[in-house]
file model.cif (mmCIF, C-alpha atoms; chains and numbers go by the auth columns)
data_my_file
loop_
_atom_site.group_PDB
_atom_site.id
_atom_site.type_symbol
_atom_site.label_atom_id
_atom_site.label_comp_id
_atom_site.label_asym_id
_atom_site.label_seq_id
_atom_site.Cartn_x
_atom_site.Cartn_y
_atom_site.Cartn_z
_atom_site.B_iso_or_equiv
_atom_site.auth_seq_id
_atom_site.auth_asym_id
ATOM 1 C CA MET A 1 5.228 22.260 23.345 0.00 189 A
ATOM 2 C CA ASN A 2 4.111 20.931 19.960 0.00 190 A
ATOM 3 C CA ASP A 3 1.210 22.661 18.289 0.00 191 A
ATOM 4 C CA PRO A 4 -1.700 20.182 18.198 0.00 192 A
ATOM 5 C CA ALA A 5 -2.688 21.584 14.846 0.00 193 A
ATOM 6 C CA SER A 6 0.492 20.163 13.345 0.00 194 A
ATOM 7 C CA GLU A 7 -0.025 16.623 14.632 0.00 195 A
ATOM 8 C CA VAL A 8 -1.522 15.588 11.299 0.00 196 A
ATOM 9 C CA GLY A 9 0.151 16.227 7.963 0.00 197 A
ATOM 10 C CA VAL A 10 3.523 17.822 7.469 0.00 198 A
ATOM 11 C CA PRO A 11 5.167 18.723 10.783 0.00 199 A
ATOM 12 C CA GLY A 12 4.806 22.419 11.483 0.00 200 A
ATOM 13 C CA THR A 13 1.870 22.749 9.102 0.00 201 A
ATOM 14 C CA PRO A 14 -1.547 23.590 10.600 0.00 202 A
ATOM 15 C CA LEU A 15 -4.143 20.864 10.297 0.00 203 A
ATOM 16 C CA THR A 16 -6.465 23.046 8.230 0.00 204 A
ATOM 17 C CA ALA A 17 -3.710 23.805 5.710 0.00 205 A
ATOM 18 C CA THR A 18 -3.057 20.077 5.328 0.00 206 A
ATOM 19 C CA VAL A 19 -6.617 18.771 5.180 0.00 207 A
ATOM 20 C CA LEU A 20 -8.620 21.662 3.715 0.00 208 A
ATOM 21 C CA PRO A 21 -7.146 21.812 0.158 0.00 209 A
ATOM 22 C CA PRO A 22 -7.807 18.145 -0.737 0.00 210 A
ATOM 23 C CA VAL A 23 -11.253 18.288 0.888 0.00 211 A
ATOM 24 C CA VAL A 24 -12.161 21.392 -1.120 0.00 212 A
ATOM 25 C CA ALA A 25 -10.786 19.868 -4.330 0.00 213 A
ATOM 26 C CA LEU A 26 -12.670 16.601 -3.809 0.00 214 A
ATOM 27 C CA SER A 27 -15.890 18.446 -2.980 0.00 215 A
ATOM 28 C CA ALA A 28 -15.543 20.526 -6.145 0.00 216 A
ATOM 29 C CA ILE A 29 -14.995 17.411 -8.270 0.00 217 A
ATOM 30 C CA LEU A 30 -18.055 15.705 -6.786 0.00 218 A
ATOM 31 C CA ALA A 31 -20.178 18.830 -7.261 0.00 219 A
ATOM 32 C CA LEU A 32 -19.111 19.175 -10.906 0.00 220 A
ATOM 33 C CA TRP A 33 -19.738 15.475 -11.452 0.00 221 A
ATOM 34 C CA GLU A 34 -23.229 15.703 -9.929 0.00 222 A
ATOM 35 C CA GLY A 35 -24.054 18.812 -11.922 0.00 223 A
ATOM 36 C CA TYR A 36 -22.829 17.359 -15.205 0.00 224 A
ATOM 37 C CA VAL A 37 -24.869 14.170 -14.822 0.00 225 A
ATOM 38 C CA ARG A 38 -28.016 16.116 -13.875 0.00 226 A
ATOM 39 C CA VAL A 39 -27.705 18.781 -16.564 0.00 227 A
ATOM 40 C CA ARG A 40 -26.728 16.408 -19.370 0.00 228 A
ATOM 41 C CA ASP A 41 -29.224 13.759 -18.208 0.00 229 A
ATOM 42 C CA VAL A 42 -26.592 11.023 -18.395 0.00 230 A
ATOM 43 C CA LYS A 43 -27.976 7.517 -18.032 0.00 231 A
ATOM 44 C CA GLY A 44 -27.327 6.018 -14.605 0.00 232 A
ATOM 45 C CA TYR A 45 -25.835 2.820 -15.995 0.00 233 A
ATOM 46 C CA LEU A 46 -23.207 4.893 -17.805 0.00 234 A
ATOM 47 C CA LEU A 47 -22.303 7.379 -15.089 0.00 235 A
ATOM 48 C CA PRO A 48 -24.331 7.604 -11.883 0.00 236 A
ATOM 49 C CA PRO A 49 -24.305 10.866 -9.909 0.00 237 A
ATOM 50 C CA PRO A 50 -22.296 10.829 -6.667 0.00 238 A
ATOM 51 C CA SER A 51 -25.558 11.063 -4.717 0.00 239 A
ATOM 52 C CA ASP A 52 -26.570 7.628 -6.057 0.00 240 A
ATOM 53 C CA VAL A 53 -23.154 6.223 -5.180 0.00 241 A
ATOM 54 C CA PHE A 54 -23.398 7.449 -1.603 0.00 242 A
ATOM 55 C CA ARG A 55 -26.971 6.153 -1.414 0.00 243 A
ATOM 56 C CA ALA A 56 -25.702 2.690 -2.361 0.00 244 A
ATOM 57 C CA LEU A 57 -23.161 2.904 0.453 0.00 245 A
ATOM 58 C CA TRP A 58 -25.781 4.160 2.901 0.00 246 A
ATOM 59 C CA GLU A 59 -28.274 1.406 2.109 0.00 247 A
ATOM 60 C CA GLU A 60 -25.833 -1.505 2.551 0.00 248 A
ATOM 61 C CA PRO A 61 -22.986 -0.368 4.810 0.00 249 A
ATOM 62 C CA GLY A 62 -22.510 -3.807 6.349 0.00 250 A
ATOM 63 C CA ARG A 63 -22.005 -5.423 2.969 0.00 251 A
ATOM 64 C CA TYR A 64 -19.263 -3.004 1.978 0.00 252 A
ATOM 65 C CA ALA A 65 -17.650 -3.094 5.417 0.00 253 A
ATOM 66 C CA SER A 66 -17.494 -6.896 5.393 0.00 254 A
ATOM 67 C CA ALA A 67 -16.031 -7.009 1.887 0.00 255 A
ATOM 68 C CA ALA A 68 -13.535 -4.270 2.712 0.00 256 A
ATOM 69 C CA SER A 69 -12.430 -6.152 5.823 0.00 257 A
ATOM 70 C CA THR A 70 -11.847 -9.318 3.785 0.00 258 A
ATOM 71 C CA SER A 71 -9.801 -7.537 1.118 0.00 259 A
ATOM 72 C CA LEU A 72 -7.898 -5.537 3.717 0.00 260 A
ATOM 73 C CA THR A 73 -6.945 -8.690 5.621 0.00 261 A
ATOM 74 C CA ALA A 74 -5.533 -10.280 2.469 0.00 262 A
ATOM 75 C CA ALA A 75 -3.711 -7.099 1.433 0.00 263 A
ATOM 76 C CA VAL A 76 -2.110 -6.475 4.822 0.00 264 A
ATOM 77 C CA GLY A 77 -1.234 -10.153 5.165 0.00 265 A
ATOM 78 C CA GLY A 78 0.493 -10.169 1.787 0.00 266 A
ATOM 79 C CA LEU A 79 2.294 -6.918 2.531 0.00 267 A
ATOM 80 C CA ALA A 80 3.538 -8.259 5.874 0.00 268 A
ATOM 81 C CA VAL A 81 4.800 -11.516 4.349 0.00 269 A
ATOM 82 C CA ALA A 82 6.528 -9.689 1.494 0.00 270 A
ATOM 83 C CA SER A 83 8.104 -7.108 3.810 0.00 271 A
ATOM 84 C CA VAL A 84 9.575 -9.690 6.189 0.00 272 A
ATOM 85 C CA ILE A 85 11.003 -11.885 3.419 0.00 273 A
ATOM 86 C CA ALA A 86 12.238 -8.943 1.333 0.00 274 A
ATOM 87 C CA PHE A 87 13.955 -7.243 4.269 0.00 275 A
ATOM 88 C CA GLY A 88 15.646 -10.489 5.288 0.00 276 A
ATOM 89 C CA LEU A 89 16.987 -10.976 1.770 0.00 277 A
ATOM 90 C CA ALA A 90 18.007 -7.303 1.609 0.00 278 A
ATOM 91 C CA VAL A 91 20.147 -7.797 4.723 0.00 279 A
ATOM 92 C CA LEU A 92 21.957 -10.644 2.965 0.00 280 A
ATOM 93 C CA MET A 93 22.383 -8.552 -0.189 0.00 281 A
ATOM 94 C CA ALA A 94 23.761 -5.609 1.785 0.00 282 A
ATOM 95 C CA HIS A 95 26.440 -7.770 3.395 0.00 283 A
ATOM 96 C CA SER A 96 27.569 -9.721 0.338 0.00 284 A
ATOM 97 C CA ARG A 97 27.880 -8.745 -3.319 0.00 285 A
ATOM 98 C CA LEU A 98 27.948 -12.445 -4.171 0.00 286 A
ATOM 99 C CA LEU A 99 24.589 -12.996 -2.462 0.00 287 A
ATOM 100 C CA GLU A 100 23.235 -9.877 -4.154 0.00 288 A
ATOM 101 C CA ARG A 101 24.139 -11.312 -7.569 0.00 289 A
ATOM 102 C CA ALA A 102 22.460 -14.575 -6.582 0.00 290 A
ATOM 103 C CA ILE A 103 19.264 -13.042 -5.159 0.00 291 A
ATOM 104 C CA TYR A 104 18.568 -10.144 -7.528 0.00 292 A
ATOM 105 C CA PRO A 105 17.905 -12.069 -10.798 0.00 293 A
ATOM 106 C CA PRO A 106 15.195 -14.362 -9.319 0.00 294 A
ATOM 107 C CA ALA A 107 13.653 -11.337 -7.579 0.00 295 A
ATOM 108 C CA LEU A 108 13.586 -9.453 -10.881 0.00 296 A
ATOM 109 C CA LEU A 109 12.004 -12.497 -12.505 0.00 297 A
ATOM 110 C CA VAL A 110 9.192 -12.320 -9.944 0.00 298 A
ATOM 111 C CA LYS A 111 8.809 -8.621 -10.721 0.00 299 A
ATOM 112 C CA VAL A 112 8.456 -9.018 -14.498 0.00 300 A
ATOM 113 C CA THR A 113 6.273 -12.146 -14.453 0.00 301 A
ATOM 114 C CA PRO A 114 2.555 -11.373 -14.973 0.00 302 A
ATOM 115 C CA ILE A 115 1.197 -12.271 -11.545 0.00 303 A
ATOM 116 C CA VAL A 116 -2.263 -12.988 -12.961 0.00 304 A
ATOM 117 C CA ALA A 117 -0.783 -15.896 -14.916 0.00 305 A
ATOM 118 C CA LEU A 118 0.360 -17.480 -11.655 0.00 306 A
ATOM 119 C CA TYR A 119 -3.078 -17.517 -10.049 0.00 307 A
ATOM 120 C CA PRO A 120 -4.085 -21.044 -11.203 0.00 308 A
ATOM 121 C CA LEU A 121 -0.877 -22.425 -9.723 0.00 309 A
ATOM 122 C CA LEU A 122 -1.359 -20.477 -6.488 0.00 310 A
ATOM 123 C CA ALA A 123 -4.929 -21.780 -6.252 0.00 311 A
ATOM 124 C CA ILE A 124 -3.632 -25.356 -6.545 0.00 312 A
ATOM 125 C CA TRP A 125 -1.060 -24.730 -3.817 0.00 313 A
ATOM 126 C CA PHE A 126 -3.134 -22.653 -1.398 0.00 314 A
ATOM 127 C CA GLY A 127 -6.743 -23.503 -2.260 0.00 315 A
ATOM 128 C CA PHE A 128 -9.481 -20.976 -3.026 0.00 316 A
ATOM 129 C CA GLY A 129 -9.581 -19.179 0.315 0.00 317 A
ATOM 130 C CA ILE A 130 -7.460 -16.287 1.487 0.00 318 A
ATOM 131 C CA GLY A 131 -4.167 -18.024 0.640 0.00 319 A
ATOM 132 C CA PRO A 132 -3.913 -17.093 -3.072 0.00 320 A
ATOM 133 C CA LYS A 133 -4.966 -13.513 -2.312 0.00 321 A
ATOM 134 C CA VAL A 134 -2.219 -13.135 0.284 0.00 322 A
ATOM 135 C CA ALA A 135 0.276 -14.720 -2.119 0.00 323 A
ATOM 136 C CA ILE A 136 -0.568 -12.373 -4.997 0.00 324 A
ATOM 137 C CA ALA A 137 -0.452 -9.319 -2.731 0.00 325 A
ATOM 138 C CA ALA A 138 2.939 -10.506 -1.456 0.00 326 A
ATOM 139 C CA LEU A 139 4.347 -11.111 -4.940 0.00 327 A
ATOM 140 C CA ILE A 140 3.267 -7.664 -6.144 0.00 328 A
ATOM 141 C CA THR A 141 4.780 -5.834 -3.155 0.00 329 A
ATOM 142 C CA PHE A 142 7.941 -7.923 -2.763 0.00 330 A
ATOM 143 C CA PHE A 143 10.273 -6.205 -5.238 0.00 331 A
ATOM 144 C CA PRO A 144 9.874 -2.551 -4.131 0.00 332 A
ATOM 145 C CA MET A 145 10.614 -3.537 -0.537 0.00 333 A
ATOM 146 C CA LEU A 146 13.623 -5.659 -1.509 0.00 334 A
ATOM 147 C CA VAL A 147 15.279 -2.974 -3.628 0.00 335 A
ATOM 148 C CA ASN A 148 14.579 -0.070 -1.270 0.00 336 A
ATOM 149 C CA ALA A 149 15.687 -1.978 1.818 0.00 337 A
ATOM 150 C CA ALA A 150 18.903 -3.132 0.138 0.00 338 A
ATOM 151 C CA VAL A 151 19.740 0.423 -0.944 0.00 339 A
ATOM 152 C CA GLY A 152 18.922 1.762 2.516 0.00 340 A
ATOM 153 C CA LEU A 153 21.064 -0.814 4.299 0.00 341 A
ATOM 154 C CA ARG A 154 24.012 0.211 2.136 0.00 342 A
ATOM 155 C CA SER A 155 23.379 3.973 2.368 0.00 343 A
ATOM 156 C CA VAL A 156 25.259 4.483 5.606 0.00 344 A
ATOM 157 C CA ASP A 157 27.493 7.353 6.670 0.00 345 A
ATOM 158 C CA PRO A 158 31.050 6.193 5.815 0.00 346 A
ATOM 159 C CA GLN A 159 32.500 8.122 8.752 0.00 347 A
ATOM 160 C CA ALA A 160 30.054 6.523 11.173 0.00 348 A
ATOM 161 C CA LEU A 161 30.859 3.101 9.727 0.00 349 A
ATOM 162 C CA ASP A 162 34.605 3.719 10.105 0.00 350 A
ATOM 163 C CA ALA A 163 34.090 4.872 13.687 0.00 351 A
ATOM 164 C CA LEU A 164 32.227 1.686 14.579 0.00 352 A
ATOM 165 C CA ARG A 165 34.944 -0.401 12.964 0.00 353 A
ATOM 166 C CA VAL A 166 37.625 1.435 14.948 0.00 354 A
ATOM 167 C CA LEU A 167 35.652 0.567 18.079 0.00 355 A
ATOM 168 C CA ALA A 168 35.702 -3.090 16.959 0.00 356 A
ATOM 169 C CA ALA A 169 31.916 -3.210 16.712 0.00 357 A
ATOM 170 C CA SER A 170 30.482 -6.556 15.699 0.00 358 A
ATOM 171 C CA ARG A 171 28.394 -6.989 12.554 0.00 359 A
ATOM 172 C CA TRP A 172 25.282 -7.125 14.725 0.00 360 A
ATOM 173 C CA GLU A 173 26.195 -3.844 16.429 0.00 361 A
ATOM 174 C CA VAL A 174 26.873 -2.198 13.048 0.00 362 A
ATOM 175 C CA PHE A 175 23.496 -3.429 11.806 0.00 363 A
ATOM 176 C CA ARG A 176 21.603 -2.386 14.925 0.00 364 A
ATOM 177 C CA ARG A 177 23.226 1.016 15.413 0.00 365 A
ATOM 178 C CA LEU A 178 23.841 2.102 11.826 0.00 366 A
ATOM 179 C CA ARG A 179 22.513 0.004 8.951 0.00 367 A
ATOM 180 C CA PHE A 180 18.997 -0.605 10.279 0.00 368 A
ATOM 181 C CA PRO A 181 18.287 3.055 11.205 0.00 369 A
ATOM 182 C CA SER A 182 19.720 4.164 7.849 0.00 370 A
ATOM 183 C CA SER A 183 17.400 1.800 6.001 0.00 371 A
ATOM 184 C CA LEU A 184 14.175 2.985 7.644 0.00 372 A
ATOM 185 C CA PRO A 185 13.506 6.015 5.365 0.00 373 A
ATOM 186 C CA TYR A 186 13.863 3.711 2.351 0.00 374 A
ATOM 187 C CA VAL A 187 11.648 1.059 3.951 0.00 375 A
ATOM 188 C CA PHE A 188 8.884 3.577 4.602 0.00 376 A
ATOM 189 C CA ALA A 189 9.195 4.864 1.031 0.00 377 A
ATOM 190 C CA ALA A 190 8.717 1.281 -0.153 0.00 378 A
ATOM 191 C CA LEU A 191 5.694 0.880 2.117 0.00 379 A
ATOM 192 C CA ARG A 192 4.046 3.975 0.643 0.00 380 A
ATOM 193 C CA ILE A 193 4.422 2.371 -2.787 0.00 381 A
ATOM 194 C CA SER A 194 3.464 -1.123 -1.675 0.00 382 A
ATOM 195 C CA VAL A 195 0.324 -0.361 0.349 0.00 383 A
ATOM 196 C CA PRO A 196 -1.884 0.471 -2.668 0.00 384 A
ATOM 197 C CA LEU A 197 -0.243 -2.329 -4.658 0.00 385 A
ATOM 198 C CA SER A 198 -1.212 -4.841 -1.978 0.00 386 A
ATOM 199 C CA LEU A 199 -4.853 -3.792 -2.300 0.00 387 A
ATOM 200 C CA VAL A 200 -4.628 -4.137 -6.070 0.00 388 A
ATOM 201 C CA GLY A 201 -3.219 -7.643 -5.660 0.00 389 A
ATOM 202 C CA ALA A 202 -5.967 -8.721 -3.269 0.00 390 A
ATOM 203 C CA VAL A 203 -8.748 -7.364 -5.493 0.00 391 A
ATOM 204 C CA VAL A 204 -7.258 -8.920 -8.639 0.00 392 A
ATOM 205 C CA ALA A 205 -7.178 -12.288 -6.867 0.00 393 A
ATOM 206 C CA GLU A 206 -10.840 -11.819 -5.924 0.00 394 A
ATOM 207 C CA PHE A 207 -11.656 -11.062 -9.559 0.00 395 A
ATOM 208 C CA LEU A 208 -10.021 -14.311 -10.628 0.00 396 A
ATOM 209 C CA SER A 209 -11.424 -16.510 -7.882 0.00 397 A
ATOM 210 C CA GLY A 210 -14.827 -14.942 -7.300 0.00 398 A
ATOM 211 C CA SER A 211 -14.164 -15.244 -3.571 0.00 399 A
ATOM 212 C CA SER A 212 -15.564 -12.790 -1.042 0.00 400 A
ATOM 213 C CA GLY A 213 -14.162 -9.281 -0.906 0.00 401 A
ATOM 214 C CA MET A 214 -14.297 -6.017 -2.801 0.00 402 A
ATOM 215 C CA GLY A 215 -13.395 -7.766 -6.042 0.00 403 A
ATOM 216 C CA GLN A 216 -16.464 -9.972 -5.745 0.00 404 A
ATOM 217 C CA LEU A 217 -18.676 -6.940 -5.058 0.00 405 A
ATOM 218 C CA ILE A 218 -17.361 -5.270 -8.202 0.00 406 A
ATOM 219 C CA LEU A 219 -18.000 -8.411 -10.263 0.00 407 A
ATOM 220 C CA ILE A 220 -21.569 -8.688 -8.945 0.00 408 A
ATOM 221 C CA ALA A 221 -22.279 -4.999 -9.571 0.00 409 A
ATOM 222 C CA ASN A 222 -20.821 -5.236 -13.059 0.00 410 A
ATOM 223 C CA GLY A 223 -22.925 -8.286 -13.901 0.00 411 A
ATOM 224 C CA ALA A 224 -26.073 -6.537 -12.680 0.00 412 A
ATOM 225 C CA PHE A 225 -25.222 -3.271 -14.508 0.00 413 A
ATOM 226 C CA ASP A 226 -25.420 -1.602 -11.095 0.00 414 A
ATOM 227 C CA THR A 227 -22.954 1.164 -11.833 0.00 415 A
ATOM 228 C CA ALA A 228 -23.711 3.017 -8.605 0.00 416 A
ATOM 229 C CA ALA A 229 -22.742 -0.042 -6.544 0.00 417 A
ATOM 230 C CA LEU A 230 -19.644 -0.476 -8.701 0.00 418 A
ATOM 231 C CA PHE A 231 -18.567 3.107 -8.053 0.00 419 A
ATOM 232 C CA ALA A 232 -19.350 2.630 -4.361 0.00 420 A
ATOM 233 C CA ALA A 233 -16.920 -0.297 -4.238 0.00 421 A
ATOM 234 C CA VAL A 234 -14.279 1.783 -6.014 0.00 422 A
ATOM 235 C CA PHE A 235 -14.821 4.619 -3.517 0.00 423 A
ATOM 236 C CA VAL A 236 -14.342 2.198 -0.616 0.00 424 A
ATOM 237 C CA LEU A 237 -11.127 0.847 -2.129 0.00 425 A
ATOM 238 C CA ALA A 238 -9.837 4.369 -2.711 0.00 426 A
ATOM 239 C CA ALA A 239 -10.647 5.288 0.892 0.00 427 A
ATOM 240 C CA LEU A 240 -8.819 2.181 2.116 0.00 428 A
ATOM 241 C CA GLY A 241 -5.754 3.011 0.040 0.00 429 A
ATOM 242 C CA VAL A 242 -5.653 6.625 1.189 0.00 430 A
ATOM 243 C CA SER A 243 -6.197 5.647 4.830 0.00 431 A
ATOM 244 C CA LEU A 244 -3.458 3.011 4.815 0.00 432 A
ATOM 245 C CA THR A 245 -1.028 5.333 3.064 0.00 433 A
ATOM 246 C CA GLY A 246 -1.837 8.043 5.603 0.00 434 A
ATOM 247 C CA LEU A 247 -1.257 5.575 8.431 0.00 435 A
ATOM 248 C CA VAL A 248 2.154 4.686 7.012 0.00 436 A
ATOM 249 C CA GLY A 249 2.990 8.393 6.805 0.00 437 A
ATOM 250 C CA TYR A 250 1.862 8.939 10.401 0.00 438 A
ATOM 251 C CA VAL A 251 4.011 6.071 11.699 0.00 439 A
ATOM 252 C CA GLU A 252 6.925 7.303 9.600 0.00 440 A
ATOM 253 C CA ARG A 253 6.763 10.764 11.155 0.00 441 A
ATOM 254 C CA ARG A 254 6.700 9.239 14.636 0.00 442 A
ATOM 255 C CA VAL A 255 9.537 6.780 14.013 0.00 443 A
ATOM 256 C CA LEU A 256 11.722 9.045 11.860 0.00 444 A
ATOM 257 C CA ASP A 257 11.312 12.364 13.648 0.00 445 A
ATOM 258 C CA TRP A 258 15.125 12.577 13.565 0.00 446 A
ATOM 259 C CA HIS A 259 15.303 12.312 9.771 0.00 447 A
ATOM 260 C CA VAL A 260 15.430 15.373 7.506 0.00 448 A
ATOM 261 C CA SER A 261 12.771 13.939 5.154 0.00 449 A
ATOM 262 C CA THR A 262 10.120 14.209 7.888 0.00 450 A
ATOM 263 C CA GLY A 263 11.051 17.688 8.958 0.00 451 A
ATOM 264 C CA ALA A 264 10.949 19.501 5.659 0.00 452 A
#

call {"tool": "encode", "arguments": {"input": "model.cif", "output": "structure tokens"}}
result
Amino acid sequence: MNDPASEVGVPGTPLTATVLPPVVALSAILALWEGYVRVRDVKGYLLPPPSDVFRALWEEPGRYASAASTSLTAAVGGLAVASVIAFGLAVLMAHSRLLERAIYPPALLVKVTPIVALYPLLAIWFGFGIGPKVAIAALITFFPMLVNAAVGLRSVDPQALDALRVLAASRWEVFRRLRFPSSLPYVFAALRISVPLSLVGAVVAEFLSGSSGMGQLILIANGAFDTAALFAAVFVLAALGVSLTGLVGYVERRVLDWHVSTGA
């Protein structure tokens, strides 16, 4: 029977050993921050104490929750769109060097193009609602998924591939039984990279458009010199990023319990 204490974090590691160190470290940082601001009498508009930041969250939880939900929807939507398109193209690249040479240069062009410069065009195409935010989040997260998935689909056991060919397995059977499972560790690695990037993309789009979301809250707080509210928004975004990354890790451990990377 599995030890319930190891259900979270690294398999085989007690829950307290996984959660306690970062909690202690974060608590120490917040305590030092609070003490420094109080002792040095730092002005609140320069650096508010953590107590003021948490007070801002406590006084308007609905406002932050609504903005976080809006940004999260755009980020997850962009990540989903990018993942589906990138994985589909990666399948083509894995099966044909010619297609790889045709697909990779435009994908690299998307990677190196400053996404912020594309926002006016995206706003013309998709309007000023959630569309441009989803598009920017998708563009930012597209390349890591494409490259990792393509590498994973090609990183198959040669002996297993030869065995399937001896058994006259079809391309679909080779993909389903070998290439797709082999790609999953790479796909999850790409997701761990892409999740925070998708949030960055959504918030950047909100900066540019002034539309609702965490980016708008930050702009409003900045304009009002409300540094505590600004830090509160940053805290919420950090919590979202950590939570989503943790969720990806949890799903990865459940899906890839057979893989050595989840058992170390």

call {"tool": "axis_aligned_box", "arguments": {"input": "model.cif", "around": "region 364-376 of chain A", "padding_each_side": "3 Å", "output": "lines of an AutoDock Vina configuration file"}}
result
center_x = 16.4
center_y = 1.8
center_z = 8.9
size_x = 21.0
size_y = 14.4
size_z = 19.1

call {"tool": "residues_around", "arguments": {"input": "model.cif", "residues": "Gln404 (chain A)", "least_positions_apart": "4", "cutoff": "7 Å", "atoms": "all atoms listed in the file", "output": "PyMOL selection string"}}
result
chain A and resi 394-395+398-400+408

call {"tool": "residues_around", "arguments": {"input": "model.cif", "residues": "Asn336 (chain A)", "least_positions_apart": "2", "cutoff": "7 Å", "atoms": "all atoms listed in the file", "output": "ChimeraX atom specification"}}
result
/A:332-334,338-340,374-375,378

call {"tool": "residues_around", "arguments": {"input": "model.cif", "residues": "Val298 (chain A)", "least_positions_apart": "3", "cutoff": "8 Å", "atoms": "only C-alpha atoms", "output": "JSON, numbers by chain"}}
result
{"A": [294, 295, 301, 327, 331]}

call {"tool": "residues_around", "arguments": {"input": "model.cif", "residues": "Tyr252 (chain A)", "least_positions_apart": "4", "cutoff": "10 Å", "atoms": "only C-alpha atoms", "output": "PyMOL selection string"}}
result
chain A and resi 244-246+248+256-258+401-402+405+417+420-421+424-425

call {"tool": "residues_around", "arguments": {"input": "model.cif", "residues": "region 217-223 of chain A", "least_positions_apart": "3", "cutoff": "6 Å", "atoms": "all atoms listed in the file", "output": "list in words"}}
result
Leu214, Arg226, Val227, Pro237 and Pro238 of chain A

call {"tool": "write_last_selection", "arguments": {"input": "model.cif", "atoms": "C-alpha atoms", "output": "PDB file, in the coordinates of the input"}}
result
ATOM      1  CA  LEU A 214     -12.670  16.601  -3.809  1.00  0.00           C
ATOM      2  CA  ARG A 226     -28.016  16.116 -13.875  1.00  0.00           C
ATOM      3  CA  VAL A 227     -27.705  18.781 -16.564  1.00  0.00           C
ATOM      4  CA  PRO A 237     -24.305  10.866  -9.909  1.00  0.00           C
ATOM      5  CA  PRO A 238     -22.296  10.829  -6.667  1.00  0.00           C
TER       6      PRO A 238
END

call {"tool": "atom_distance", "arguments": {"input": "model.cif", "atom1": "CA of Ala390 (chain A)", "atom2": "CA of Ala263 (chain A)"}}
result
5.5 Å

call {"tool": "atom_distance", "arguments": {"input": "model.cif", "atom1": "CA of Ala268 (chain A)", "atom2": "CA of Ala326 (chain A)"}}
result
7.7 Å

call {"tool": "atom_distance", "arguments": {"input": "model.cif", "atom1": "CA of Ala290 (chain A)", "atom2": "CA of Pro346 (chain A)"}}
result
25.7 Å

call {"tool": "resolve_selection", "arguments": {"input": "model.cif", "expression": "the PyMOL selection byres ((chain A and resi 280-282) around 9)", "output": "ChimeraX atom specification"}}
result
/A:275-279,283-292,337-342

call {"tool": "resolve_selection", "arguments": {"input": "model.cif", "expression": "the PyMOL selection byres ((chain A and resi 270) around 7)", "output": "PyMOL selection string"}}
result
chain A and resi 266-269+271-274+326-327+329-330

call {"tool": "residues_near_point", "arguments": {"input": "model.cif", "point": "(-23.3, -1.3, -10.0)", "cutoff": "10 Å", "atoms": "all atoms listed in the file", "output": "list of chain:residue names"}}
result
A:Gly232, A:Tyr233, A:Leu234, A:Pro236, A:Val241, A:Ala244, A:Leu405, A:Ile406, A:Leu407, A:Ile408, A:Ala409, A:Asn410, A:Gly411, A:Ala412, A:Phe413, A:Asp414, A:Thr415, A:Ala416, A:Ala417, A:Leu418, A:Phe419, A:Ala420, A:Ala421

call {"tool": "decode", "arguments": {"input": "model.cif", "residues": "region 413-424 of chain A", "atoms": "N, CA and C atoms", "output": "PDB file, in the first residue's frame"}}
result
ATOM      1  N   PHE A 413      -0.389  54.619  -7.534  1.00  0.00           N
ATOM      2  CA  PHE A 413       0.736  54.477  -6.604  1.00  0.00           C
ATOM      3  C   PHE A 413       0.359  53.608  -5.410  1.00  0.00           C
ATOM      4  N   ASP A 414      -0.517  52.638  -5.664  1.00  0.00           N
ATOM      5  CA  ASP A 414      -0.937  51.697  -4.616  1.00  0.00           C
ATOM      6  C   ASP A 414      -0.034  50.464  -4.698  1.00  0.00           C
ATOM      7  N   THR A 415       1.141  50.599  -4.104  1.00  0.00           N
ATOM      8  CA  THR A 415       2.142  49.541  -4.231  1.00  0.00           C
ATOM      9  C   THR A 415       1.704  48.258  -3.546  1.00  0.00           C
ATOM     10  N   ALA A 416       0.939  48.375  -2.470  1.00  0.00           N
ATOM     11  CA  ALA A 416       0.460  47.171  -1.784  1.00  0.00           C
ATOM     12  C   ALA A 416      -0.459  46.367  -2.699  1.00  0.00           C
ATOM     13  N   ALA A 417      -1.371  47.051  -3.400  1.00  0.00           N
ATOM     14  CA  ALA A 417      -2.257  46.359  -4.334  1.00  0.00           C
ATOM     15  C   ALA A 417      -1.472  45.770  -5.500  1.00  0.00           C
ATOM     16  N   LEU A 418      -0.422  46.481  -5.920  1.00  0.00           N
ATOM     17  CA  LEU A 418       0.414  45.970  -7.009  1.00  0.00           C
ATOM     18  C   LEU A 418       1.102  44.673  -6.587  1.00  0.00           C
ATOM     19  N   PHE A 419       1.685  44.687  -5.387  1.00  0.00           N
ATOM     20  CA  PHE A 419       2.323  43.471  -4.883  1.00  0.00           C
ATOM     21  C   PHE A 419       1.296  42.360  -4.693  1.00  0.00           C
ATOM     22  N   ALA A 420       0.093  42.717  -4.268  1.00  0.00           N
ATOM     23  CA  ALA A 420      -0.952  41.707  -4.090  1.00  0.00           C
ATOM     24  C   ALA A 420      -1.256  41.010  -5.411  1.00  0.00           C
ATOM     25  N   ALA A 421      -1.326  41.782  -6.496  1.00  0.00           N
ATOM     26  CA  ALA A 421      -1.561  41.191  -7.811  1.00  0.00           C
ATOM     27  C   ALA A 421      -0.408  40.278  -8.217  1.00  0.00           C
ATOM     28  N   VAL A 422       0.810  40.709  -7.923  1.00  0.00           N
ATOM     29  CA  VAL A 422       1.981  39.875  -8.238  1.00  0.00           C
ATOM     30  C   VAL A 422       1.943  38.582  -7.428  1.00  0.00           C
ATOM     31  N   PHE A 423       1.569  38.671  -6.156  1.00  0.00           N
ATOM     32  CA  PHE A 423       1.449  37.475  -5.316  1.00  0.00           C
ATOM     33  C   PHE A 423       0.430  36.499  -5.898  1.00  0.00           C
ATOM     34  N   VAL A 424      -0.709  37.037  -6.354  1.00  0.00           N
ATOM     35  CA  VAL A 424      -1.748  36.174  -6.927  1.00  0.00           C
ATOM     36  C   VAL A 424      -1.232  35.484  -8.186  1.00  0.00           C
TER      37      VAL A 424
END
